[in-house]
Amino acid sequence: MLKKVLKLSEKQVYRLQGLSCTNCAATFEKNVRKLEDIEDVELNFSAAKLTVHGNTTIEELEQAGAFDHIKVYPEKEQKPQIPFYQKRENQLTALSLLFVLIGYVFFFQLGESFWLTIATFTLAIAIGGYDLIKSGLQNLVKFQFDMKTLMTIAVIGAAIIGEWAEAAVVVFLFALSEAVESYSMDKARNSIQSLLELAPNRATIKRGNEWMEVDIEDVVIGDTMVVKPGEKVAMDGEVIEGLSSVNQAAITGESVAVEKTVGSNVFAGSFNEEGAMVVRVTKFSDDTTIAKIIHLVEEAQAEKAPSQQFVDRFAKYYTPFIMILAVLVMVIPPLFFNLSWESWIYNGLAVLVVGCPCALVISTPVAIVTAIGNAARNGVLIKGGAYLEELAQVDAIAFDKTGTLTIGKPVVTDITALKGTEEEVLKIAGALESYSEHPIARAIMKRTQSITLPEAEQFQSYTGKGVEASIRGTRYKLGNQKLFAGFRLPDVSGLETKTILYVGTNDEIIGYIAVADQPRNNVVDQINRLYQQGIKHAIMLTGDHHSVAKNIAKALDLSEVKADLFPEEKLTTIKELKNKYGNVVMVGDGVNDAPALAEANVGIAMGGAGTDVAIETADVALMGDDLAKIPDTIQLSKKTLRIIKENIFLALGLKVIALLLVIPGWLTLWLAIFADMGATLIVVLNALRLMQKNMV
């Protein structure tokens with residue numbers, strides 16, 4: 001077990017348990033900053049994560065969080081999961097409820113002024129509200145006014161004017177609302193916890209001539225790892241032996257298992273379904289794809305979206321306003337209208353209770369945290385709430401062509417024989433290309449996998465033109481029109497968007513082969529989904545010739561095409577599109593499109609199963625190459641923004657309605673806390689709708 005007196009130094013990262021609200025998080029961070037030898041502190045409330053720069057102990061950190069019973073654990077240590085009913089604060093809340101019920105029995109049997117009634121309600125207040133009142137009084141002494149301060153004043157005030165029953169009910173309901181809020185944040189944080197649990201903590205590694213289980217922190221690049229059927233992959237690596245199907249849905253969001261052979265990359269956290277694989281480790285545990293995903297998701301959840309920034313600024317002025325309003329409610333009616341002091345002090349206390357900004361403060365972050373976590377589980381990394389909101393307001397979307405709209409690998413689409421058969425033309429082409437590593441050559445060789453090729457001799461290559469070689473004593477050529485200059489070329493109408501390779505001898509052309517990069521599956525359906533979501537302009541950016549690009553864009557149902565672009569010209573084009581249309585999203589492969597991705601309002605990188613460049617470059621990274629994730633993500637962003645607006649409206653609306661009840665004198669303390677708790681519960685449940693398995 002970890003010794004809590006162990007001194008720590010430099011940068012240390014911890015997981016927190018019991019961090020229930022944003023106000024508590026702010027107080028905890030302030031307390032940690034006051035510790036000796038602390039240089040800097042970064043607290044991520046959404047991820048329940050603390051980063052400390054300096055020297056301290058876990059015991060000192062827990063002392064700084066003692067006011068809210070915060071527990072601190074090293075990042076690498078598995079944080080214990082305490083069931084809801086076993087948490088100390090929830091048990092105290094249940095005990096408080098028991099005394100409230102007993103108190104009401106005495107209330108109706110013996111009267112509200114009987115000492116046993118008052119004593120029972122006092123016990124309920126002391127048990128359920130000890131932490132609340134302690135923190136509230138400490139804040140009051142320091143003139144720090146948060147919701148615990150407001151609640152403490154209300155509870156003490158109710159007791160002073162003899163409303164012991166109301167004070168006890170208020171304490172219980174507040175404790176219940178705190179428990180609900182804590183539970184909801186734990187549920188939202190599970191989006192990160194589920195990622196942390198994806199990869200195993202130990203790997204089977206070969207050391208010398210023996211296989212042994214070691215902690216993943218002890219695995220180094222170059223180690224040999226075995227992954228048996230039914231096991232999870234522990235480290236990123238390259239398959240050097242074996243064949244299997246691997247389910248990497250947790251990383252890429254792909255629903256179908258992917259075949260892995262020698263040379264294939266595997267990712268920590270993916271599940272080996274069939275055969276055993278021997279893997280050469282290519283990354284340290286802290287650098288694996290899943291580790292980067294977890295880091296980016298946590299950083300994204302720490303970034304405040306514009307709506308959250310607005311709520312934070314609003315809440316800063318809202319709390320003092322409520323306190324002033326409560327004082328005015330207490331003072332003005334008795335002073336100027338000769339009404340009962342006791343009655344209007346009571347009403348003022350009710351205003352304090354109903355005015356707690358709890359529901360308002362939590363309305364946005366719980367939605368952002370849940371949405372980003374859901375997207376990550378579906379293979380989409382969104383690097384902050386700001387980008388999530390931007391996606392909901394996109395007007396135009398620009399796509400790089402090669403590797404984004406298309407697969408990026410040429411395939412043979414047409415074979416035409418002018419003399420002999422198509423198979424004979426393909427055999428000659430395959431024999432000629434068997435010496436080449438060019439992508440087009442690989443496309444032709446892939447097409448010839450099932451046929452026997454003749455042997456080619458005296459091979460010769462002509463840069464930018466093609467190749468030639470002798471087959472069975474005859475000299476054959478394969479190449480573009482430059483290689484066949486002076487020949488009468490056949491009519492290739494209808495193939496203008498493809499690369500044409502002619503096959504012939506020194507005397508004649510015997511046939512030709514068309515090669516083209518193929519569109520990704522269902523690309524037209526996904527473009528149409530984007531139009532249905534309100535995006536008016538879908539533009540293709542490519543370096544291809546305009547006539548070729550125009551035909552491809554028409555086939556893919558794109559509204560515009562920008563062709564003949566050098567990589568640096570894509571950046572200028574994005575600037576022009578922003579001036580013309582407003583919010584523009586750029587989708588690229590994350591390498592040569594980096595400047596354009598950075599210039600767009602939101603850059604989306606096609607991840608290619610988690611390439612490092614894609615993860616680091618863009619605002620949003622697709623861990624797989626499924627274009628369907630783009631409309632899914634935009635739909636999720638629209639739903640998230642709608643829920644945020646609903647939450648803000650509900651949080652403020654319920655409070656306004658409750659405050660209006662002050663005028664006829666209908667607002668009681670218990671009704672005020674019930675309204676506050678109800679608002680919190682409603683916004684939390686509304687936000688948790690974003691947790692559903694499918695993003696939309």
# chains A, B, ... in the order shown; residues from 1 in each chain; ligands from 1

$ residues_around --residues "region 504-513 of chain A" --least-positions-apart "3" --cutoff "8 Å" --atoms "only C-alpha atoms" --output "list in words"
Val412, Thr413, Asp414, Ile415, Thr416, Ala417, Leu418, Lys419, Gly420, Glu422, Val425, Thr474, Arg475, Tyr476, Lys477, Leu478, Phe487, Leu489, Ile500 and Leu501 of chain A

$ write_last_selection --atoms "N, CA, C and O atoms" --output "mmCIF file, in the first residue's frame"
data_model
loop_
_atom_site.group_PDB
_atom_site.id
_atom_site.type_symbol
_atom_site.label_atom_id
_atom_site.label_comp_id
_atom_site.auth_asym_id
_atom_site.auth_seq_id
_atom_site.Cartn_x
_atom_site.Cartn_y
_atom_site.Cartn_z
ATOM 1 N N VAL A 412 -7.515 -1.099 -60.287
ATOM 2 C CA VAL A 412 -7.850 -1.307 -61.694
ATOM 3 C C VAL A 412 -9.368 -1.329 -61.840
ATOM 4 O O VAL A 412 -10.044 -2.108 -61.166
ATOM 5 N N THR A 413 -9.899 -0.476 -62.705
ATOM 6 C CA THR A 413 -11.359 -0.402 -62.887
ATOM 7 C C THR A 413 -11.818 -0.942 -64.246
ATOM 8 O O THR A 413 -12.938 -1.425 -64.366
ATOM 9 N N ASP A 414 -10.952 -0.820 -65.269
ATOM 10 C CA ASP A 414 -11.345 -1.243 -66.629
ATOM 11 C C ASP A 414 -10.157 -1.889 -67.331
ATOM 12 O O ASP A 414 -9.013 -1.414 -67.225
ATOM 13 N N ILE A 415 -10.432 -2.979 -68.073
ATOM 14 C CA ILE A 415 -9.426 -3.611 -68.932
ATOM 15 C C ILE A 415 -10.052 -3.776 -70.313
ATOM 16 O O ILE A 415 -11.127 -4.384 -70.445
ATOM 17 N N THR A 416 -9.418 -3.236 -71.321
ATOM 18 C CA THR A 416 -9.955 -3.328 -72.689
ATOM 19 C C THR A 416 -8.900 -3.950 -73.603
ATOM 20 O O THR A 416 -7.748 -3.485 -73.637
ATOM 21 N N ALA A 417 -9.272 -5.021 -74.328
ATOM 22 C CA ALA A 417 -8.358 -5.685 -75.277
ATOM 23 C C ALA A 417 -8.680 -5.228 -76.696
ATOM 24 O O ALA A 417 -9.829 -5.320 -77.130
ATOM 25 N N LEU A 418 -7.695 -4.728 -77.382
ATOM 26 C CA LEU A 418 -7.846 -4.377 -78.803
ATOM 27 C C LEU A 418 -7.395 -5.527 -79.694
ATOM 28 O O LEU A 418 -7.736 -5.594 -80.875
ATOM 29 N N LYS A 419 -6.605 -6.430 -79.107
ATOM 30 C CA LYS A 419 -6.126 -7.620 -79.810
ATOM 31 C C LYS A 419 -5.969 -8.729 -78.777
ATOM 32 O O LYS A 419 -5.387 -8.516 -77.719
ATOM 33 N N GLY A 420 -6.521 -9.894 -79.044
ATOM 34 C CA GLY A 420 -6.477 -10.969 -78.073
ATOM 35 C C GLY A 420 -7.574 -10.806 -77.026
ATOM 36 O O GLY A 420 -8.631 -10.200 -77.285
ATOM 37 N N GLU A 422 -8.818 -9.974 -72.767
ATOM 38 C CA GLU A 422 -8.511 -9.095 -71.630
ATOM 39 C C GLU A 422 -7.514 -9.758 -70.688
ATOM 40 O O GLU A 422 -6.635 -9.090 -70.123
ATOM 41 N N VAL A 425 -4.020 -9.319 -72.029
ATOM 42 C CA VAL A 425 -3.552 -7.943 -71.786
ATOM 43 C C VAL A 425 -3.126 -7.787 -70.326
ATOM 44 O O VAL A 425 -2.072 -7.198 -70.021
ATOM 45 N N THR A 474 9.290 -11.312 -77.358
ATOM 46 C CA THR A 474 8.652 -10.105 -77.916
ATOM 47 C C THR A 474 8.826 -8.945 -76.951
ATOM 48 O O THR A 474 8.670 -9.108 -75.741
ATOM 49 N N ARG A 475 9.143 -7.775 -77.498
ATOM 50 C CA ARG A 475 9.331 -6.585 -76.668
ATOM 51 C C ARG A 475 7.981 -5.905 -76.440
ATOM 52 O O ARG A 475 7.304 -5.495 -77.395
ATOM 53 N N TYR A 476 7.594 -5.798 -75.159
ATOM 54 C CA TYR A 476 6.309 -5.172 -74.820
ATOM 55 C C TYR A 476 6.530 -3.879 -74.034
ATOM 56 O O TYR A 476 7.535 -3.717 -73.333
ATOM 57 N N LYS A 477 5.526 -2.967 -74.145
ATOM 58 C CA LYS A 477 5.557 -1.690 -73.426
ATOM 59 C C LYS A 477 4.287 -1.519 -72.594
ATOM 60 O O LYS A 477 3.223 -2.018 -72.974
ATOM 61 N N LEU A 478 4.429 -0.783 -71.504
ATOM 62 C CA LEU A 478 3.269 -0.409 -70.678
ATOM 63 C C LEU A 478 3.516 1.004 -70.169
ATOM 64 O O LEU A 478 4.534 1.273 -69.530
ATOM 65 N N PHE A 487 2.065 6.714 -81.929
ATOM 66 C CA PHE A 487 1.075 5.659 -82.149
ATOM 67 C C PHE A 487 -0.316 6.290 -82.286
ATOM 68 O O PHE A 487 -0.582 7.375 -81.768
ATOM 69 N N LEU A 489 -3.654 6.393 -80.883
ATOM 70 C CA LEU A 489 -4.251 5.990 -79.614
ATOM 71 C C LEU A 489 -5.733 5.680 -79.770
ATOM 72 O O LEU A 489 -6.438 6.357 -80.528
ATOM 73 N N ILE A 500 -4.991 6.243 -67.665
ATOM 74 C CA ILE A 500 -4.989 5.225 -68.715
ATOM 75 C C ILE A 500 -3.562 4.746 -68.957
ATOM 76 O O ILE A 500 -2.653 5.547 -69.195
ATOM 77 N N LEU A 501 -3.373 3.416 -68.898
ATOM 78 C CA LEU A 501 -2.088 2.802 -69.219
ATOM 79 C C LEU A 501 -2.269 1.949 -70.468
ATOM 80 O O LEU A 501 -3.127 1.052 -70.496
#

$ closest_atom_pairs --of "region 302-394 of chain A" --to "region 270-291 of chain A" --cutoff "12 Å" --atoms "only C-alpha atoms" --output "tab-separated table"
residue	atom	partner	partner_atom	distance
A:Ala376	CA	A:Ile290	CA	10.3
A:Arg377	CA	A:Ile290	CA	10.9
A:Gly379	CA	A:Ile290	CA	10.6
A:Leu381	CA	A:Ile290	CA	11.1

$ write_last_selection --atoms "all heavy atoms" --output "JSON list (two decimals), in the first residue's frame"
[["chain", "number", "residue", "atom", "x", "y", "z"],
["A", 376, "ALA", "N", -15.73, 9.94, -27.85],
["A", 376, "ALA", "CA", -14.47, 9.18, -27.74],
["A", 376, "ALA", "C", -14.72, 7.69, -27.79],
["A", 376, "ALA", "O", -13.97, 6.93, -28.42],
["A", 376, "ALA", "CB", -13.74, 9.56, -26.46],
["A", 377, "ARG", "N", -15.79, 7.23, -27.14],
["A", 377, "ARG", "CA", -16.12, 5.80, -27.17],
["A", 377, "ARG", "C", -16.52, 5.35, -28.56],
["A", 377, "ARG", "O", -16.44, 4.17, -28.88],
["A", 377, "ARG", "CB", -17.24, 5.50, -26.18],
["A", 377, "ARG", "CG", -16.85, 5.62, -24.72],
["A", 377, "ARG", "CD", -17.86, 4.90, -23.82],
["A", 377, "ARG", "NE", -19.21, 5.37, -24.05],
["A", 377, "ARG", "CZ", -19.74, 6.43, -23.47],
["A", 377, "ARG", "NH1", -19.02, 7.15, -22.64],
["A", 377, "ARG", "NH2", -20.98, 6.78, -23.70],
["A", 379, "GLY", "N", -15.00, 6.46, -31.30],
["A", 379, "GLY", "CA", -13.88, 6.64, -32.22],
["A", 379, "GLY", "C", -13.71, 8.05, -32.75],
["A", 379, "GLY", "O", -13.09, 8.24, -33.80],
["A", 381, "LEU", "N", -12.40, 11.90, -31.52],
["A", 381, "LEU", "CA", -11.80, 12.75, -30.49],
["A", 381, "LEU", "C", -12.15, 14.20, -30.76],
["A", 381, "LEU", "O", -11.76, 14.76, -31.78],
["A", 381, "LEU", "CB", -10.28, 12.60, -30.49],
["A", 381, "LEU", "CG", -9.71, 11.27, -30.00],
["A", 381, "LEU", "CD1", -8.20, 11.34, -29.99],
["A", 381, "LEU", "CD2", -10.22, 10.94, -28.61]]

$ residues_around --residues "region 88-99 of chain A" --least-positions-apart "3" --cutoff "12 Å" --atoms "only C-alpha atoms" --output "VMD selection string"
chain A and resid 18 20 68 to 70 82 to 85 102 to 107 116 to 132 165 167 to 183

$ residues_around --residues "Val524 (chain A)" --least-positions-apart "2" --cutoff "7 Å" --atoms "only C-alpha atoms" --output "list in words"
Asn522, Gln526, Ile527, Asn528, Leu556 and Asp557 of chain A

$ write_last_selection --atoms "all heavy atoms" --output "mmCIF file, in the first residue's frame"
data_model
loop_
_atom_site.group_PDB
_atom_site.id
_atom_site.type_symbol
_atom_site.label_atom_id
_atom_site.label_comp_id
_atom_site.auth_asym_id
_atom_site.auth_seq_id
_atom_site.Cartn_x
_atom_site.Cartn_y
_atom_site.Cartn_z
ATOM 1 N N ASN A 522 -20.153 4.521 -49.323
ATOM 2 C CA ASN A 522 -21.299 5.348 -48.908
ATOM 3 C C ASN A 522 -20.982 6.839 -48.813
ATOM 4 O O ASN A 522 -21.651 7.572 -48.076
ATOM 5 C CB ASN A 522 -21.853 4.878 -47.555
ATOM 6 C CG ASN A 522 -22.308 3.437 -47.581
ATOM 7 O OD1 ASN A 522 -22.871 2.989 -48.576
ATOM 8 N ND2 ASN A 522 -22.057 2.718 -46.509
ATOM 9 N N GLN A 526 -23.309 9.935 -47.147
ATOM 10 C CA GLN A 526 -22.869 10.791 -46.036
ATOM 11 C C GLN A 526 -22.914 12.269 -46.417
ATOM 12 O O GLN A 526 -23.242 13.119 -45.584
ATOM 13 C CB GLN A 526 -21.456 10.389 -45.580
ATOM 14 C CG GLN A 526 -21.298 8.929 -45.189
ATOM 15 C CD GLN A 526 -22.416 8.428 -44.282
ATOM 16 O OE1 GLN A 526 -22.899 9.151 -43.403
ATOM 17 N NE2 GLN A 526 -22.862 7.191 -44.511
ATOM 18 N N ILE A 527 -22.584 12.583 -47.671
ATOM 19 C CA ILE A 527 -22.696 13.975 -48.145
ATOM 20 C C ILE A 527 -24.148 14.428 -48.074
ATOM 21 O O ILE A 527 -24.456 15.542 -47.629
ATOM 22 C CB ILE A 527 -22.166 14.108 -49.586
ATOM 23 C CG1 ILE A 527 -20.671 13.758 -49.660
ATOM 24 C CG2 ILE A 527 -22.403 15.521 -50.114
ATOM 25 C CD1 ILE A 527 -19.772 14.675 -48.885
ATOM 26 N N ASN A 528 -25.064 13.549 -48.483
ATOM 27 C CA ASN A 528 -26.491 13.891 -48.444
ATOM 28 C C ASN A 528 -26.984 14.051 -46.999
ATOM 29 O O ASN A 528 -27.848 14.888 -46.723
ATOM 30 C CB ASN A 528 -27.315 12.830 -49.170
ATOM 31 C CG ASN A 528 -27.160 12.921 -50.685
ATOM 32 O OD1 ASN A 528 -26.952 14.016 -51.216
ATOM 33 N ND2 ASN A 528 -27.217 11.798 -51.377
ATOM 34 N N LEU A 556 -20.043 12.572 -56.730
ATOM 35 C CA LEU A 556 -20.175 12.495 -55.281
ATOM 36 C C LEU A 556 -21.221 13.473 -54.735
ATOM 37 O O LEU A 556 -21.379 13.590 -53.517
ATOM 38 C CB LEU A 556 -18.822 12.766 -54.611
ATOM 39 C CG LEU A 556 -17.693 11.782 -54.943
ATOM 40 C CD1 LEU A 556 -16.438 12.132 -54.162
ATOM 41 C CD2 LEU A 556 -18.117 10.352 -54.664
ATOM 42 N N ASP A 557 -21.891 14.193 -55.632
ATOM 43 C CA ASP A 557 -22.958 15.126 -55.245
ATOM 44 C C ASP A 557 -22.443 16.291 -54.400
ATOM 45 O O ASP A 557 -23.136 16.773 -53.502
ATOM 46 C CB ASP A 557 -24.065 14.373 -54.484
ATOM 47 C CG ASP A 557 -25.405 15.113 -54.551
ATOM 48 O OD1 ASP A 557 -25.557 15.945 -55.467
ATOM 49 O OD2 ASP A 557 -26.272 14.876 -53.704
#

$ residues_around --residues "region 408-411 of chain A" --least-positions-apart "4" --cutoff "8 Å" --atoms "only C-alpha atoms" --output "VMD selection string"
chain A and resid 402 to 404 439 to 440 443 to 444 515 to 518

$ closest_residue --among "A:Leu35, A:Gln109, A:Ile428, A:Ile161" --to "Trp341 (chain A)" --atoms "only C-alpha atoms"
A:Ile161

$ residues_around --residues "Ala64 (chain A)" --least-positions-apart "4" --cutoff "8 Å" --atoms "only C-alpha atoms" --output "CSV table (one decimal) with N, CA, C and O atoms, in the first residue's frame"
chain,number,residue,atom,x,y,z
A,28,PHE,N,-10.9,23.7,-3.2
A,28,PHE,CA,-9.8,22.7,-3.1
A,28,PHE,C,-8.5,23.2,-3.8
A,28,PHE,O,-7.4,23.1,-3.2
A,31,ASN,N,-6.9,25.8,-1.7
A,31,ASN,CA,-6.2,25.3,-0.6
A,31,ASN,C,-4.9,24.6,-0.9
A,31,ASN,O,-3.9,24.7,-0.2
A,32,VAL,N,-4.9,23.9,-2.1
A,32,VAL,CA,-3.6,23.3,-2.5
A,32,VAL,C,-2.6,24.3,-2.9
A,32,VAL,O,-1.4,24.1,-2.6
A,60,GLU,N,-1.0,15.7,2.8
A,60,GLU,CA,-1.2,17.2,2.7
A,60,GLU,C,-2.3,17.6,1.8
A,60,GLU,O,-3.1,18.4,2.0

$ select_by_dssp --residues "region 284-383 of chain A" --states "alpha helix (DSSP H)" --output "PyMOL selection string"
chain A and resi 289-302+306-337+341-354+358-363+365-377

$ residues_around --residues "Thr497 (chain A)" --least-positions-apart "4" --cutoff "8 Å" --atoms "only C-alpha atoms" --output "list of chain:residue names"
A:Ala516, A:Ser547, A:Val548, A:Ala549, A:Asn551, A:Ile552

$ select_by_dssp --residues "region 302-546 of chain A" --states "strand (DSSP E or B)" --output "ChimeraX atom specification"
/A:380-382,396-400,406-417,457-462,466-471,474-479,499-505,509-519,537-541

$ atom_distance --atom1 "CA of Val13 (chain A)" --atom2 "CA of Ile362 (chain A)"
24.6 Å

$ atom_distance --atom1 "CA of Glu42 (chain A)" --atom2 "CA of Glu62 (chain A)"
15.8 Å
